[in-house]
>>> print(open('coords.cif').read())   # mmCIF, C-alpha atoms, pLDDT in the B column; chains and numbers go by the auth columns
data_entry
#
loop_
_atom_site.group_PDB
_atom_site.id
_atom_site.type_symbol
_atom_site.label_atom_id
_atom_site.label_comp_id
_atom_site.label_asym_id
_atom_site.label_seq_id
_atom_site.Cartn_x
_atom_site.Cartn_y
_atom_site.Cartn_z
_atom_site.B_iso_or_equiv
_atom_site.auth_seq_id
_atom_site.auth_asym_id
ATOM 1 C CA MET A 1 92.569 113.523 117.834 60.00 275 A
ATOM 2 C CA GLN A 2 96.195 114.578 117.531 78.00 276 A
ATOM 3 C CA GLU A 3 97.984 113.201 114.491 95.00 277 A
ATOM 4 C CA PHE A 4 101.136 111.150 114.706 97.00 278 A
ATOM 5 C CA GLU A 5 104.334 112.677 113.348 97.00 279 A
ATOM 6 C CA ILE A 6 105.716 110.820 110.318 98.00 280 A
ATOM 7 C CA VAL A 7 109.510 110.691 110.091 97.00 281 A
ATOM 8 C CA PHE A 8 111.508 109.341 107.151 98.00 282 A
ATOM 9 C CA TYR A 9 114.449 107.308 108.419 98.00 283 A
ATOM 10 C CA ASP A 10 117.698 108.819 107.166 97.00 284 A
ATOM 11 C CA LYS A 11 120.823 106.719 106.773 94.00 285 A
ATOM 12 C CA PRO A 12 124.218 108.033 107.959 90.00 286 A
ATOM 13 C CA ASP A 13 124.904 109.175 104.359 94.00 287 A
ATOM 14 C CA GLY A 14 121.749 111.324 104.474 95.00 288 A
ATOM 15 C CA SER A 15 119.714 109.221 102.052 97.00 289 A
ATOM 16 C CA GLU A 16 116.128 108.367 102.946 98.00 290 A
ATOM 17 C CA PRO A 17 115.142 104.877 101.741 98.00 291 A
ATOM 18 C CA VAL A 18 111.366 105.456 101.763 98.00 292 A
ATOM 19 C CA LYS A 19 111.660 108.728 99.818 98.00 293 A
ATOM 20 C CA GLU A 20 113.900 106.952 97.298 98.00 294 A
ATOM 21 C CA PHE A 21 111.330 104.149 97.047 98.00 295 A
ATOM 22 C CA LEU A 22 108.516 106.680 96.513 98.00 296 A
ATOM 23 C CA SER A 23 110.393 108.284 93.636 97.00 297 A
ATOM 24 C CA SER A 24 110.921 104.862 92.032 97.00 298 A
ATOM 25 C CA VAL A 25 107.230 103.893 91.748 96.00 299 A
ATOM 26 C CA ASP A 26 104.669 105.139 89.223 95.00 300 A
ATOM 27 C CA THR A 27 102.428 108.123 89.965 96.00 301 A
ATOM 28 C CA LYS A 28 99.342 106.068 90.813 96.00 302 A
ATOM 29 C CA MET A 29 101.216 103.832 93.274 97.00 303 A
ATOM 30 C CA ARG A 30 102.952 106.859 94.821 97.00 304 A
ATOM 31 C CA ALA A 31 99.562 108.533 95.372 97.00 305 A
ATOM 32 C CA ARG A 32 98.192 105.382 97.042 97.00 306 A
ATOM 33 C CA ILE A 33 101.273 105.047 99.257 98.00 307 A
ATOM 34 C CA LEU A 34 101.068 108.712 100.322 98.00 308 A
ATOM 35 C CA ARG A 35 97.330 108.339 101.056 97.00 309 A
ATOM 36 C CA THR A 36 98.055 105.273 103.214 98.00 310 A
ATOM 37 C CA ILE A 37 100.876 107.112 105.032 98.00 311 A
ATOM 38 C CA ASP A 38 98.336 109.878 105.709 97.00 312 A
ATOM 39 C CA LEU A 39 95.910 107.292 107.148 97.00 313 A
ATOM 40 C CA LEU A 40 98.749 106.073 109.368 98.00 314 A
ATOM 41 C CA ALA A 41 99.438 109.633 110.574 97.00 315 A
ATOM 42 C CA GLN A 42 95.758 110.060 111.461 97.00 316 A
ATOM 43 C CA ASN A 43 95.184 106.646 113.076 96.00 317 A
ATOM 44 C CA GLY A 44 98.619 105.597 114.374 96.00 318 A
ATOM 45 C CA THR A 45 98.440 102.500 116.553 94.00 319 A
ATOM 46 C CA GLU A 46 94.731 102.073 115.696 95.00 320 A
ATOM 47 C CA LEU A 47 95.403 101.442 111.977 96.00 321 A
ATOM 48 C CA ARG A 48 94.781 97.764 111.228 95.00 322 A
ATOM 49 C CA MET A 49 94.245 95.384 108.318 96.00 323 A
ATOM 50 C CA PRO A 50 93.900 95.801 105.413 96.00 324 A
ATOM 51 C CA TYR A 51 96.217 98.841 105.695 97.00 325 A
ATOM 52 C CA SER A 52 98.659 97.820 108.382 97.00 326 A
ATOM 53 C CA GLU A 53 99.967 94.677 109.993 96.00 327 A
ATOM 54 C CA HIS A 54 102.464 93.959 112.786 97.00 328 A
ATOM 55 C CA LEU A 55 105.298 91.782 111.499 97.00 329 A
ATOM 56 C CA VAL A 56 107.840 91.142 114.241 95.00 330 A
ATOM 57 C CA GLY A 57 109.458 92.882 117.224 93.00 331 A
ATOM 58 C CA GLY A 58 107.878 96.303 116.807 95.00 332 A
ATOM 59 C CA ILE A 59 108.182 96.347 113.002 98.00 333 A
ATOM 60 C CA PHE A 60 104.935 96.987 111.111 98.00 334 A
ATOM 61 C CA GLU A 61 104.106 97.107 107.415 97.00 335 A
ATOM 62 C CA LEU A 62 101.851 99.432 105.475 98.00 336 A
ATOM 63 C CA ARG A 63 100.037 97.445 102.788 97.00 337 A
ATOM 64 C CA ILE A 64 99.339 99.188 99.485 97.00 338 A
ATOM 65 C CA LYS A 65 97.841 97.773 96.291 95.00 339 A
ATOM 66 C CA SER A 66 97.511 99.473 92.925 91.00 340 A
ATOM 67 C CA GLY A 67 96.108 97.251 90.186 90.00 341 A
ATOM 68 C CA SER A 68 98.143 94.057 90.336 92.00 342 A
ATOM 69 C CA ASP A 69 101.133 95.769 91.997 93.00 343 A
ATOM 70 C CA ILE A 70 101.608 95.423 95.737 96.00 344 A
ATOM 71 C CA SER A 71 103.886 97.690 97.759 97.00 345 A
ATOM 72 C CA ARG A 72 104.948 97.603 101.370 98.00 346 A
ATOM 73 C CA VAL A 73 106.437 100.321 103.550 98.00 347 A
ATOM 74 C CA LEU A 74 107.916 99.128 106.853 98.00 348 A
ATOM 75 C CA TYR A 75 107.821 101.311 109.950 98.00 349 A
ATOM 76 C CA PHE A 76 107.983 101.436 113.739 98.00 350 A
ATOM 77 C CA PHE A 77 106.578 103.609 116.512 97.00 351 A
ATOM 78 C CA VAL A 78 108.632 105.857 118.792 96.00 352 A
ATOM 79 C CA ILE A 79 107.372 107.174 122.137 90.00 353 A
ATOM 80 C CA GLY A 80 105.808 110.592 121.673 88.00 354 A
ATOM 81 C CA ARG A 81 103.365 109.893 118.812 93.00 355 A
ATOM 82 C CA LYS A 82 106.120 109.468 116.254 96.00 356 A
ATOM 83 C CA ILE A 83 106.250 106.930 113.416 98.00 357 A
ATOM 84 C CA VAL A 84 109.488 106.231 111.554 98.00 358 A
ATOM 85 C CA LEU A 85 109.207 104.882 107.992 98.00 359 A
ATOM 86 C CA THR A 86 112.243 102.685 107.368 98.00 360 A
ATOM 87 C CA ASN A 87 112.105 101.088 103.916 98.00 361 A
ATOM 88 C CA GLY A 88 109.740 100.281 101.077 98.00 362 A
ATOM 89 C CA PHE A 89 109.591 97.715 98.312 97.00 363 A
ATOM 90 C CA ILE A 90 107.413 96.192 95.607 96.00 364 A
ATOM 91 C CA LYS A 91 106.135 92.874 96.907 93.00 365 A
ATOM 92 C CA LYS A 92 106.839 89.943 94.584 90.00 366 A
ATOM 93 C CA THR A 93 106.440 86.988 96.957 88.00 367 A
ATOM 94 C CA ALA A 94 103.673 85.726 99.240 90.00 368 A
ATOM 95 C CA LYS A 95 105.598 86.599 102.400 92.00 369 A
ATOM 96 C CA THR A 96 107.443 89.800 103.213 93.00 370 A
ATOM 97 C CA PRO A 97 111.118 89.048 102.440 95.00 371 A
ATOM 98 C CA LYS A 98 113.213 88.403 105.548 96.00 372 A
ATOM 99 C CA SER A 99 115.896 90.746 104.191 97.00 373 A
ATOM 100 C CA GLU A 100 113.429 93.673 104.153 97.00 374 A
ATOM 101 C CA ILE A 101 112.393 92.963 107.765 97.00 375 A
ATOM 102 C CA GLU A 102 116.059 92.701 108.800 97.00 376 A
ATOM 103 C CA THR A 103 116.771 96.044 107.102 98.00 377 A
ATOM 104 C CA ALA A 104 113.886 97.647 109.019 98.00 378 A
ATOM 105 C CA GLN A 105 115.159 96.160 112.303 98.00 379 A
ATOM 106 C CA LYS A 106 118.682 97.432 111.599 97.00 380 A
ATOM 107 C CA TYR A 107 117.383 100.941 110.804 97.00 381 A
ATOM 108 C CA ARG A 108 115.203 100.853 113.938 97.00 382 A
ATOM 109 C CA SER A 109 118.091 100.015 116.281 96.00 383 A
ATOM 110 C CA GLU A 110 120.326 102.590 114.529 95.00 384 A
ATOM 111 C CA TYR A 111 117.624 105.247 114.870 96.00 385 A
ATOM 112 C CA LEU A 112 116.913 104.480 118.525 95.00 386 A
ATOM 113 C CA SER A 113 120.597 104.493 119.515 93.00 387 A
ATOM 114 C CA ARG A 114 121.097 107.790 117.650 90.00 388 A
ATOM 115 C CA GLU A 115 118.057 109.355 119.371 83.00 389 A
ATOM 116 C CA ALA A 116 119.243 108.183 122.813 78.00 390 A
ATOM 117 C CA LYS A 117 122.409 110.291 122.576 72.00 391 A
#
>>> encode(input="coords.cif", output="structure tokens")
Amino acid sequence: MQEFEIVFYDKPDGSEPVKEFLSSVDTKMRARILRTIDLLAQNGTELRMPYSEHLVGGIFELRIKSGSDISRVLYFFVIGRKIVLTNGFIKKTAKTPKSEIETAQKYRSEYLSREAK
């Protein structure tokens, strides 16, 4: 099966929120996140719980746990077997914060309008 292409969303200033998030977490968590991203690349739309869950309007979350720490990386699919990772965070509350979902939605519409040009 052909793998999906993983793309790190880049903001207009060139920064990549998920790469910045990866560099902010400890080595063990980073390894788990990268392994889960690899699972996503291999399985794409077939990846389900406990690794992935659809949140809202085309935004999905990768679910990663290391010890008592829980991380999330939000992403969306683009036609052509492409997955764009938008933002990541350490989860501190029971529900994914609305602000993180809104950020992912904003990045998604920015990305799609940029790609359409």
>>> resolve_selection(input="coords.cif", expression="the PyMOL selection byres ((chain A and resi 319-323) around 12)", output="PyMOL selection string")
chain A and resi 275+277-278+310-318+324-328+332+334-338+349-353+355-357
>>> residues_around(input="coords.cif", residues="A:Lys293", least_positions_apart="5", cutoff="12 Å", atoms="all atoms listed in the file", output="PyMOL selection string")
chain A and resi 281-285+288+298-299+304+307-308+347+359-363
>>> write_last_selection(input="coords.cif", atoms="C-alpha atoms", output="JSON list (two decimals), in the coordinates of the input")
[["chain", "number", "residue", "atom", "x", "y", "z"],
["A", 281, "VAL", "CA", 109.51, 110.69, 110.09],
["A", 282, "PHE", "CA", 111.51, 109.34, 107.15],
["A", 283, "TYR", "CA", 114.45, 107.31, 108.42],
["A", 284, "ASP", "CA", 117.70, 108.82, 107.17],
["A", 285, "LYS", "CA", 120.82, 106.72, 106.77],
["A", 288, "GLY", "CA", 121.75, 111.32, 104.47],
["A", 298, "SER", "CA", 110.92, 104.86, 92.03],
["A", 299, "VAL", "CA", 107.23, 103.89, 91.75],
["A", 304, "ARG", "CA", 102.95, 106.86, 94.82],
["A", 307, "ILE", "CA", 101.27, 105.05, 99.26],
["A", 308, "LEU", "CA", 101.07, 108.71, 100.32],
["A", 347, "VAL", "CA", 106.44, 100.32, 103.55],
["A", 359, "LEU", "CA", 109.21, 104.88, 107.99],
["A", 360, "THR", "CA", 112.24, 102.68, 107.37],
["A", 361, "ASN", "CA", 112.10, 101.09, 103.92],
["A", 362, "GLY", "CA", 109.74, 100.28, 101.08],
["A", 363, "PHE", "CA", 109.59, 97.72, 98.31]]
>>> closest_residue(input="coords.cif", among="A:Ile333, A:Ala390, A:Ser342, A:Gly354", to="A:Thr377", atoms="only C-alpha atoms")
A:Ile333
>>> axis_aligned_box(input="coords.cif", around="stretch 336-341 of chain A", padding_each_side="6 Å", output="JSON")
{"center_x": 99.0, "center_y": 98.4, "center_z": 97.8, "size_x": 17.7, "size_y": 14.2, "size_z": 27.3}
>>> atom_distance(input="coords.cif", atom1="atom CA of A:Val292", atom2="atom CA of A:Lys339")
16.5 Å
>>> residues_around(input="coords.cif", residues="A:Ser340", least_positions_apart="6", cutoff="8 Å", atoms="all atoms listed in the file", output="compact mmCIF listing (two decimals) with C-alpha atoms, keeping the file's coordinate frame")
# COMPACT_ATOMS: atom_id res chain seq x y z
CA LYS A 302 99.34 106.07 90.81
CA MET A 303 101.22 103.83 93.27
CA ARG A 306 98.19 105.38 97.04
>>> closest_residue(input="coords.cif", among="A:Gly331, A:Asp300, A:Glu389, A:Arg382", to="A:Ser345", atoms="all atoms listed in the file")
A:Asp300
>>> atom_distance(input="coords.cif", atom1="atom CA of A:Thr370", atom2="atom CA of A:Val358")
18.5 Å
>>> atom_distance(input="coords.cif", atom1="atom CA of A:Glu384", atom2="atom CA of A:Lys369")
24.9 Å
